[in-house]
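Trainee: This is the structure I want to talk about, given as structure tokens.
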Amino acid sequence: MELKNHYDYIIVGAGLFGATFARRATDAVFTCLVIEKRDHIAGNVYTENIDGINVHRYGAHIFHTADREVWDFVNRLVPFNRYTNCPVAQAPDGNLYNLPFNMNTFYRMWGVKTPAEAQAKLDEQRAEAVAAMKAEGVTEPRNLREQALTLIGRDIFEQLIEGYTEKQWGRPCDSLPAFIIKRLPVRMTFDNNYFNDPYQGIPEGGYTLLVEKLLEGVDVLLETDFFDRREHWMSLGDKIVYTGPVDRFYDYRFGRLEYRTVRFETEKIDTPNYQGNAVVNYTSATVPYTRIIEHKHFETFGQAVYDNPATIISREYSTEWTDGMEPYYPVNDERNSAIYERYRELAEKEEKVIFGGRLAQYRYYDMAPVIAAALALPLE
Ligand code: FAD
Ligand code: UDP
């Protein structure tokens with residue numbers, strides 16, 4: 001590929017934000033160069049085909065959205081399949097339970113068969129939790145443990161929440177904020193769909209294919225770190241779209257932002273169907289990993305699962321992030337939010353640089369909102 005002498009946009013990062021922006025700008029006849037420090041495109045949604053299975057190298061990615069415009073946009077590039085996320089949880093009592101918490105979960109836990117029976121059981125357990133708190137003079141849940149107990153009761157807390165949450169966050173439930181658990185839906189129907197959004201699926205052929213389509217006809221340089229020749233890239237483009245970490249852009253002058261990360265242990269196994277589901281959570285504190293992902297189930301269903309005699313699984317270990325690791329989840333606590341705010345003020349004043357995506361905006365962004373944000377950026 002021959003580089004041009006000048007570009008309208010230099011885009012730092014070939015993840016979903018950078019690639020979506022590049023597609024739009026290219027379609028509007030702006031010239032774009034994408035530079036990416038990794039040896040592949042697609043950022044964290046990268047999937048690589050290993051022995052016929054698309055492996056989600058940076059963690060399981062399930063596309064879900066209520067935004068019709070975004071859904072139509074991605075489906076025009078590559079068809080999405082009918083995958084619906086229905087995780088199951090292997091609990092300390094040895095049973096398998098359906099998630100999110102719904103009538104199937106309650107039936108397995110308590111034998112209740114109707115919503116009224118389940119409601120009665122939930123009310124009984126919640127009342128116990130409220131009474132225990134009252135005895136201590138507490139009226140509002142002060143932490144995740146109390147929030148969960150008053151929301152869903154002791155049985156589900158002990159079997160499905162406590163161990164998983166402590167592994168995921170590396171801290172006990174009574175020192176975690178209550179809001180984390182408020183997101184978990186409680187459904188009084190036999191519905192195992194983890195998400196409430198009307199549109200959900202996985203791109204047929206994997207996410208890399210989607211990003212290849214986004215980058216069709218766009219100049220892309222891999223294994224190129226913006227900071228190795230910062231001044232050069234700054235002068236090569238009229239505008240810079242930066243999707244890397246915002247603190248790095250400003251040489252960490254206000255301090256480093258923190259992240260949580262996940263370590264993946266990926267293994268090929270000579271059996272066509274290891275766990276019968278894409279996602280199995282391990283909610284016991286004594287199992288060191290939080291989940292096992294079996295990648296083929298994102299894209300093969302029913303009998304077709306057996307067409308490939310082997311399978312690939314990834315065990316996920318939630319890990320404290322240190323410098324040099326892949327930053328995955330921003331930690332939006334008080335300290336980090338205050339630091340980010342100072343960087344944001346600087347970023348807003350930049351005339352030539354636009355900051356976008358998960359790392360540059362230090363925000364836990366799902367894929368669909370990242371695409372929506374890149375589609376909404378004004379072109380000039
Ligand atoms: P990224 O994908 O991180 O892209 C940024 C790119 O910039 C990277 O490729 C990076 O290498 C590159 N870069 C950084 N610095 C430089 C530099 N100095 N020079 C050159 N290049 C640079 N979302 C969902 O909707 N559903 C899910 O199920 C889901 N699961 C997830 C699971 C995990 C474990 C994680 C971490 C995220 C998950 N997400 C999920 C979120 C999803 O990954 C993000 O929304 C999306 O990848 C964000 O795209 P981005 O372009 O902002 O960032
Ligand atoms: N959670 C849990 N048990 C489970 C799955 C999730 O207790 O089997 C809790 C846990 O505290 C977690 C939160 O729900 O941090 C949100 O989990 P989810 O997987 O929905 O979100 P993500 O980890 O992808 O941000």
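Numbering starts fresh at 1 for the residues of each chain in the structure tokens, the chains themselves are lettered A, B, ... in the order given, and ligands are numbered from 1 as they appear.
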Would you please give, as a PyMOL selection string, all residues of range 183-254 of chain A that DSSP assigns to helix (DSSP H, G or I) based on the backbone?

Mentor: chain A and resi 207-214+226-236+246-249

Trainee: So which residues touch Leu151 in chain A within 12 Å, counting only C-alpha atoms, skipping near sequence neighbours fewer than 3 positions away, as number ranges by chain?

Mentor: A: 101, 119, 122-130, 140-141, 144-148, 154-157, 161, 178-179, 181-186

Trainee: Can you work out the spacing between CA of Val70 in chain A and CA of Ala372 in chain A in Å, to one decimal?

Mentor: 6.2 Å

Trainee: Chain A near ligand 2 within 8 Å: what's each residue's closest atom pair and its distance in Å to one decimal, counting only C-alpha atoms and all ligand atoms, ordered by chain then ascending residue number, as CSV?

Mentor:
residue,atom,partner,partner_atom_place_in_ligand_line,distance
A:Val88,CA,ligand 2,8 (O),7.8
A:Ala89,CA,ligand 2,8 (O),5.9
A:Leu99,CA,ligand 2,8 (O),7.0
A:Pro100,CA,ligand 2,5 (C),7.9
A:Phe157,CA,ligand 2,7 (O),7.6
A:Leu160,CA,ligand 2,3 (N),5.1
A:Ile161,CA,ligand 2,7 (O),3.2
A:Glu162,CA,ligand 2,7 (O),6.1
A:Gly163,CA,ligand 2,7 (O),7.5
A:Tyr164,CA,ligand 2,3 (N),5.2
A:Thr165,CA,ligand 2,11 (O),4.1
A:Glu166,CA,ligand 2,11 (O),7.6
A:Gln168,CA,ligand 2,15 (O),6.2
A:Trp169,CA,ligand 2,15 (O),7.0
A:Ile180,CA,ligand 2,13 (C),5.8
A:Ile181,CA,ligand 2,14 (O),5.4
A:Arg183,CA,ligand 2,16 (C),6.7
A:Leu184,CA,ligand 2,14 (O),5.9
A:Asn281,CA,ligand 2,8 (O),5.5
A:Tyr282,CA,ligand 2,8 (O),7.1
A:Thr283,CA,ligand 2,8 (O),5.9

Trainee: Name the residues of range 71-222 of chain A that fall into strand (DSSP E) according to DSSP on the backbone, using the chain letters and numbers of this document, as a PDB file with all heavy atoms, in the first residue's frame.

Mentor:
ATOM      1  N   VAL A  88     -25.890 -20.209  31.499  1.00  0.00           N
ATOM      2  CA  VAL A  88     -26.271 -21.010  32.659  1.00  0.00           C
ATOM      3  C   VAL A  88     -25.173 -20.881  33.705  1.00  0.00           C
ATOM      4  O   VAL A  88     -24.036 -20.531  33.381  1.00  0.00           O
ATOM      5  CB  VAL A  88     -26.540 -22.495  32.316  1.00  0.00           C
ATOM      6  CG1 VAL A  88     -27.753 -22.644  31.416  1.00  0.00           C
ATOM      7  CG2 VAL A  88     -25.327 -23.140  31.684  1.00  0.00           C
ATOM      8  N   ALA A  89     -25.548 -21.152  34.955  1.00  0.00           N
ATOM      9  CA  ALA A  89     -24.574 -21.028  36.042  1.00  0.00           C
ATOM     10  C   ALA A  89     -24.434 -22.345  36.779  1.00  0.00           C
ATOM     11  O   ALA A  89     -25.428 -22.984  37.145  1.00  0.00           O
ATOM     12  CB  ALA A  89     -25.021 -19.926  37.008  1.00  0.00           C
ATOM     13  N   GLN A  90     -23.183 -22.739  36.966  1.00  0.00           N
ATOM     14  CA  GLN A  90     -22.854 -23.926  37.766  1.00  0.00           C
ATOM     15  C   GLN A  90     -22.651 -23.418  39.197  1.00  0.00           C
ATOM     16  O   GLN A  90     -21.723 -22.657  39.461  1.00  0.00           O
ATOM     17  CB  GLN A  90     -21.569 -24.527  37.186  1.00  0.00           C
ATOM     18  CG  GLN A  90     -20.907 -25.586  38.017  1.00  0.00           C
ATOM     19  CD  GLN A  90     -21.487 -26.958  37.726  1.00  0.00           C
ATOM     20  OE1 GLN A  90     -21.443 -27.420  36.599  1.00  0.00           O
ATOM     21  NE2 GLN A  90     -22.047 -27.585  38.742  1.00  0.00           N
ATOM     22  N   LEU A  96     -27.169 -26.787  38.056  1.00  0.00           N
ATOM     23  CA  LEU A  96     -27.072 -25.799  36.974  1.00  0.00           C
ATOM     24  C   LEU A  96     -28.333 -24.956  37.002  1.00  0.00           C
ATOM     25  O   LEU A  96     -29.437 -25.495  37.050  1.00  0.00           O
ATOM     26  CB  LEU A  96     -27.036 -26.514  35.629  1.00  0.00           C
ATOM     27  CG  LEU A  96     -25.710 -26.950  35.035  1.00  0.00           C
ATOM     28  CD1 LEU A  96     -25.963 -27.532  33.646  1.00  0.00           C
ATOM     29  CD2 LEU A  96     -24.732 -25.786  34.917  1.00  0.00           C
ATOM     30  N   TYR A  97     -28.178 -23.640  36.968  1.00  0.00           N
ATOM     31  CA  TYR A  97     -29.330 -22.734  36.979  1.00  0.00           C
ATOM     32  C   TYR A  97     -29.319 -21.851  35.735  1.00  0.00           C
ATOM     33  O   TYR A  97     -28.246 -21.474  35.253  1.00  0.00           O
ATOM     34  CB  TYR A  97     -29.279 -21.821  38.204  1.00  0.00           C
ATOM     35  CG  TYR A  97     -29.477 -22.548  39.513  1.00  0.00           C
ATOM     36  CD1 TYR A  97     -28.377 -22.978  40.257  1.00  0.00           C
ATOM     37  CD2 TYR A  97     -30.757 -22.799  39.994  1.00  0.00           C
ATOM     38  CE1 TYR A  97     -28.555 -23.645  41.457  1.00  0.00           C
ATOM     39  CE2 TYR A  97     -30.942 -23.463  41.210  1.00  0.00           C
ATOM     40  CZ  TYR A  97     -29.843 -23.889  41.933  1.00  0.00           C
ATOM     41  OH  TYR A  97     -30.016 -24.548  43.115  1.00  0.00           O
ATOM     42  N   ASN A  98     -30.519 -21.490  35.274  1.00  0.00           N
ATOM     43  CA  ASN A  98     -30.619 -20.531  34.170  1.00  0.00           C
ATOM     44  C   ASN A  98     -30.439 -19.105  34.665  1.00  0.00           C
ATOM     45  O   ASN A  98     -30.877 -18.763  35.759  1.00  0.00           O
ATOM     46  CB  ASN A  98     -31.999 -20.620  33.494  1.00  0.00           C
ATOM     47  CG  ASN A  98     -32.154 -21.901  32.698  1.00  0.00           C
ATOM     48  OD1 ASN A  98     -32.829 -22.830  33.117  1.00  0.00           O
ATOM     49  ND2 ASN A  98     -31.505 -21.946  31.563  1.00  0.00           N
ATOM     50  N   TYR A 199     -32.943  -6.371  19.423  1.00  0.00           N
ATOM     51  CA  TYR A 199     -32.060  -6.920  18.388  1.00  0.00           C
ATOM     52  C   TYR A 199     -30.814  -7.512  19.030  1.00  0.00           C
ATOM     53  O   TYR A 199     -30.195  -6.883  19.886  1.00  0.00           O
ATOM     54  CB  TYR A 199     -31.649  -5.832  17.391  1.00  0.00           C
ATOM     55  CG  TYR A 199     -32.816  -5.017  16.904  1.00  0.00           C
ATOM     56  CD1 TYR A 199     -32.940  -3.669  17.251  1.00  0.00           C
ATOM     57  CD2 TYR A 199     -33.816  -5.610  16.130  1.00  0.00           C
ATOM     58  CE1 TYR A 199     -34.023  -2.926  16.831  1.00  0.00           C
ATOM     59  CE2 TYR A 199     -34.906  -4.869  15.710  1.00  0.00           C
ATOM     60  CZ  TYR A 199     -35.009  -3.530  16.058  1.00  0.00           C
ATOM     61  OH  TYR A 199     -36.078  -2.810  15.649  1.00  0.00           O
ATOM     62  N   GLN A 200     -30.458  -8.716  18.585  1.00  0.00           N
ATOM     63  CA  GLN A 200     -29.323  -9.420  19.182  1.00  0.00           C
ATOM     64  C   GLN A 200     -28.785 -10.433  18.174  1.00  0.00           C
ATOM     65  O   GLN A 200     -29.540 -11.011  17.406  1.00  0.00           O
ATOM     66  CB  GLN A 200     -29.843 -10.149  20.435  1.00  0.00           C
ATOM     67  CG  GLN A 200     -28.812 -10.898  21.202  1.00  0.00           C
ATOM     68  CD  GLN A 200     -29.350 -11.489  22.527  1.00  0.00           C
ATOM     69  OE1 GLN A 200     -28.635 -12.182  23.199  1.00  0.00           O
ATOM     70  NE2 GLN A 200     -30.572 -11.216  22.898  1.00  0.00           N
ATOM     71  N   GLY A 201     -27.473 -10.660  18.190  1.00  0.00           N
ATOM     72  CA  GLY A 201     -26.893 -11.672  17.306  1.00  0.00           C
ATOM     73  C   GLY A 201     -25.391 -11.529  17.224  1.00  0.00           C
ATOM     74  O   GLY A 201     -24.783 -10.682  17.892  1.00  0.00           O
ATOM     75  N   ASP A 219      -7.043   2.988   3.783  1.00  0.00           N
ATOM     76  CA  ASP A 219      -5.633   2.685   4.040  1.00  0.00           C
ATOM     77  C   ASP A 219      -5.451   2.323   5.516  1.00  0.00           C
ATOM     78  O   ASP A 219      -5.901   3.068   6.402  1.00  0.00           O
ATOM     79  CB  ASP A 219      -4.753   3.907   3.720  1.00  0.00           C
ATOM     80  CG  ASP A 219      -4.665   4.163   2.215  1.00  0.00           C
ATOM     81  OD1 ASP A 219      -5.181   3.322   1.441  1.00  0.00           O
ATOM     82  OD2 ASP A 219      -4.093   5.194   1.819  1.00  0.00           O
ATOM     83  N   VAL A 220      -4.799   1.182   5.763  1.00  0.00           N
ATOM     84  CA  VAL A 220      -4.604   0.721   7.150  1.00  0.00           C
ATOM     85  C   VAL A 220      -3.147   0.326   7.344  1.00  0.00           C
ATOM     86  O   VAL A 220      -2.591  -0.408   6.525  1.00  0.00           O
ATOM     87  CB  VAL A 220      -5.497  -0.512   7.475  1.00  0.00           C
ATOM     88  CG1 VAL A 220      -5.270  -0.985   8.904  1.00  0.00           C
ATOM     89  CG2 VAL A 220      -6.980  -0.210   7.243  1.00  0.00           C
ATOM     90  N   LEU A 221      -2.533   0.814   8.407  1.00  0.00           N
ATOM     91  CA  LEU A 221      -1.177   0.390   8.766  1.00  0.00           C
ATOM     92  C   LEU A 221      -1.237  -0.343  10.100  1.00  0.00           C
ATOM     93  O   LEU A 221      -1.625   0.241  11.119  1.00  0.00           O
ATOM     94  CB  LEU A 221      -0.261   1.603   8.945  1.00  0.00           C
ATOM     95  CG  LEU A 221       0.320   2.287   7.715  1.00  0.00           C
ATOM     96  CD1 LEU A 221       1.203   3.450   8.159  1.00  0.00           C
ATOM     97  CD2 LEU A 221       1.125   1.305   6.867  1.00  0.00           C
TER      98      LEU A 221
END

Trainee: Distance table requested - chain A against ligand 1, cut-off 7 Å, only C-alpha atoms and all ligand atoms: one row per qualifying residue with the closest atom pair and its distance in Å to one decimal, ordered by chain and rising residue number, as a tab-separated table.

Mentor:
residue	atom	partner	partner_atom_place_in_ligand_line	distance
A:Val12	CA	ligand 1	20 (C)	5.0
A:Gly13	CA	ligand 1	7 (O)	3.2
A:Ala14	CA	ligand 1	9 (O)	5.0
A:Gly15	CA	ligand 1	4 (O)	3.5
A:Leu16	CA	ligand 1	51 (O)	4.0
A:Phe17	CA	ligand 1	51 (O)	3.8
A:Gly18	CA	ligand 1	51 (O)	5.6
A:Ile35	CA	ligand 1	20 (C)	5.4
A:Glu36	CA	ligand 1	21 (N)	3.8
A:Lys37	CA	ligand 1	20 (C)	4.0
A:Arg38	CA	ligand 1	11 (O)	5.1
A:Ile41	CA	ligand 1	9 (O)	6.4
A:Ala42	CA	ligand 1	9 (O)	6.1
A:Gly43	CA	ligand 1	9 (O)	3.3
A:Asn44	CA	ligand 1	2 (O)	4.0
A:Val45	CA	ligand 1	47 (O)	5.1
A:Tyr58	CA	ligand 1	34 (C)	5.7
A:Gly59	CA	ligand 1	34 (C)	4.2
A:Ala60	CA	ligand 1	32 (C)	5.4
A:His61	CA	ligand 1	28 (O)	3.5
A:Ile62	CA	ligand 1	28 (O)	3.8
A:Phe63	CA	ligand 1	25 (O)	4.9
A:His64	CA	ligand 1	25 (O)	6.1
A:Thr224	CA	ligand 1	20 (C)	5.8
A:Asp225	CA	ligand 1	19 (N)	3.7
A:Phe226	CA	ligand 1	19 (N)	4.0
A:Phe227	CA	ligand 1	18 (N)	5.4
A:Thr243	CA	ligand 1	7 (O)	5.2
A:Gly244	CA	ligand 1	14 (C)	3.6
A:Pro245	CA	ligand 1	15 (N)	6.2
A:Val262	CA	ligand 1	34 (C)	6.5
A:Tyr328	CA	ligand 1	36 (C)	4.1
A:Tyr329	CA	ligand 1	36 (C)	5.9
A:Gly356	CA	ligand 1	52 (O)	6.7
A:Gly357	CA	ligand 1	52 (O)	3.2
A:Arg358	CA	ligand 1	52 (O)	3.9
A:Leu359	CA	ligand 1	52 (O)	6.1
A:Tyr365	CA	ligand 1	45 (O)	4.6
A:Asp366	CA	ligand 1	25 (O)	3.6
A:Met367	CA	ligand 1	45 (O)	3.6
A:Ala368	CA	ligand 1	25 (O)	5.8
A:Val370	CA	ligand 1	45 (O)	5.7

Trainee: From the options A:Ser337, A:Val55, A:Leu33, A:Pro115, which residue's atoms come nearest to Ile293 in chain A, counting only C-alpha atoms?

Mentor: A:Val55

Trainee: Compile the contact shell of Ser314 in chain A as a list in words: residues with an atom at most 7 Å away, counting only C-alpha atoms, same-chain residues fewer than 2 positions apart removed.

Mentor: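 After dropping sequence-adjacent residues, the list is Phe264, Glu265, Thr266, Glu267, Ile292, Ile293, Glu294, Ile312 and Glu316 of chain A.
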
Trainee: Using only C-alpha atoms, pick whichever of A:Leu209, A:Val74, A:Val246, A:Val287 has the shortest atom-to-atom distance to Lys167 in chain A.

Mentor: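 Looking only at the distances to Lys167 in chain A, the closest residue turns out to be A:Val287.
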
Trainee: When distances are computed from only C-alpha atoms, which of A:Asp93, A:Cys32, A:Ile53, A:Leu210 shows the smallest separation from Thr286 in chain A?

Mentor: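 Ranked by minimum distance to Thr286 in chain A, first place goes to A:Asp93.
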
Trainee: Quick one: distance from CA of Pro378 in chain A to CA of Leu222 in chain A in Å, one decimal?

Mentor: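 Answer for the CA of Pro378 in chain A to CA of Leu222 in chain A separation: 26.1 Å.
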
Trainee: Please compute the CA of Tyr83 in chain A-CA of Asn196 in chain A distance, one decimal, in Å.

Mentor: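 Going from CA of Tyr83 in chain A over to CA of Asn196 in chain A, I get 13.9 Å.
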
Trainee: Contacts of Val305 in chain A at 12 Å or less, counting only C-alpha atoms, minus same-chain residues fewer than 2 places along, as a ChimeraX atom specification?

Mentor: /A:52-53,271-278,294-303,307-312

Trainee: Can you tell me, as a CSV table (one decimal) with N, CA and C atoms, in the first residue's frame, what residues are no more than 8 Å from range 2-9 of chain A when counting only C-alpha atoms, ignoring any on the same chain fewer than 6 positions away?

Mentor:
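Output file out-v8.csv follows:
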chain,number,residue,atom,x,y,z
A,30,PHE,N,-13.9,11.5,2.1
A,30,PHE,CA,-12.8,12.0,2.8
A,30,PHE,C,-11.7,10.9,2.7
A,31,THR,N,-10.4,11.4,2.7
A,31,THR,CA,-9.3,10.4,2.7
A,31,THR,C,-9.0,10.0,4.2
A,32,CYS,N,-8.8,8.7,4.4
A,32,CYS,CA,-8.5,8.3,5.8
A,32,CYS,C,-7.3,7.3,5.8
A,33,LEU,N,-6.5,7.5,6.9
A,33,LEU,CA,-5.5,6.4,7.2
A,33,LEU,C,-5.7,6.0,8.6
A,219,ASP,N,-7.0,3.0,3.8
A,219,ASP,CA,-5.6,2.7,4.0
A,219,ASP,C,-5.5,2.3,5.5
A,236,LEU,N,0.5,14.7,9.2
A,236,LEU,CA,0.0,14.0,8.0
A,236,LEU,C,-1.5,14.2,7.8
A,237,GLY,N,-2.2,14.5,8.8
A,237,GLY,CA,-3.7,14.6,8.6
A,237,GLY,C,-4.2,15.9,9.0
A,238,ASP,N,-5.3,16.3,8.4
A,238,ASP,CA,-6.0,17.6,8.9
A,238,ASP,C,-6.6,17.4,10.3
A,239,LYS,N,-7.2,16.2,10.5
A,239,LYS,CA,-7.8,15.9,11.8
A,239,LYS,C,-7.3,14.5,12.2
A,240,ILE,N,-7.2,14.4,13.5
A,240,ILE,CA,-6.8,13.1,14.1
A,240,ILE,C,-8.0,12.6,14.9
A,241,VAL,N,-8.4,11.3,14.6
A,241,VAL,CA,-9.4,10.7,15.5
A,241,VAL,C,-8.7,9.7,16.3

Trainee: Taking into account only C-alpha atoms, which residue in the set A:Phe106, A:Phe249, A:Trp71, A:Tyr306 is nearest to Asn192 in chain A?

Mentor: A:Phe106

Trainee: Kindly indicate which residue among A:Asn193, A:Thr261, A:Asn332, A:Ser235 lies nearest to Thr319 in chain A, using only C-alpha atoms for the distances.

Mentor: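 Nearest to Thr319 in chain A: A:Thr261.
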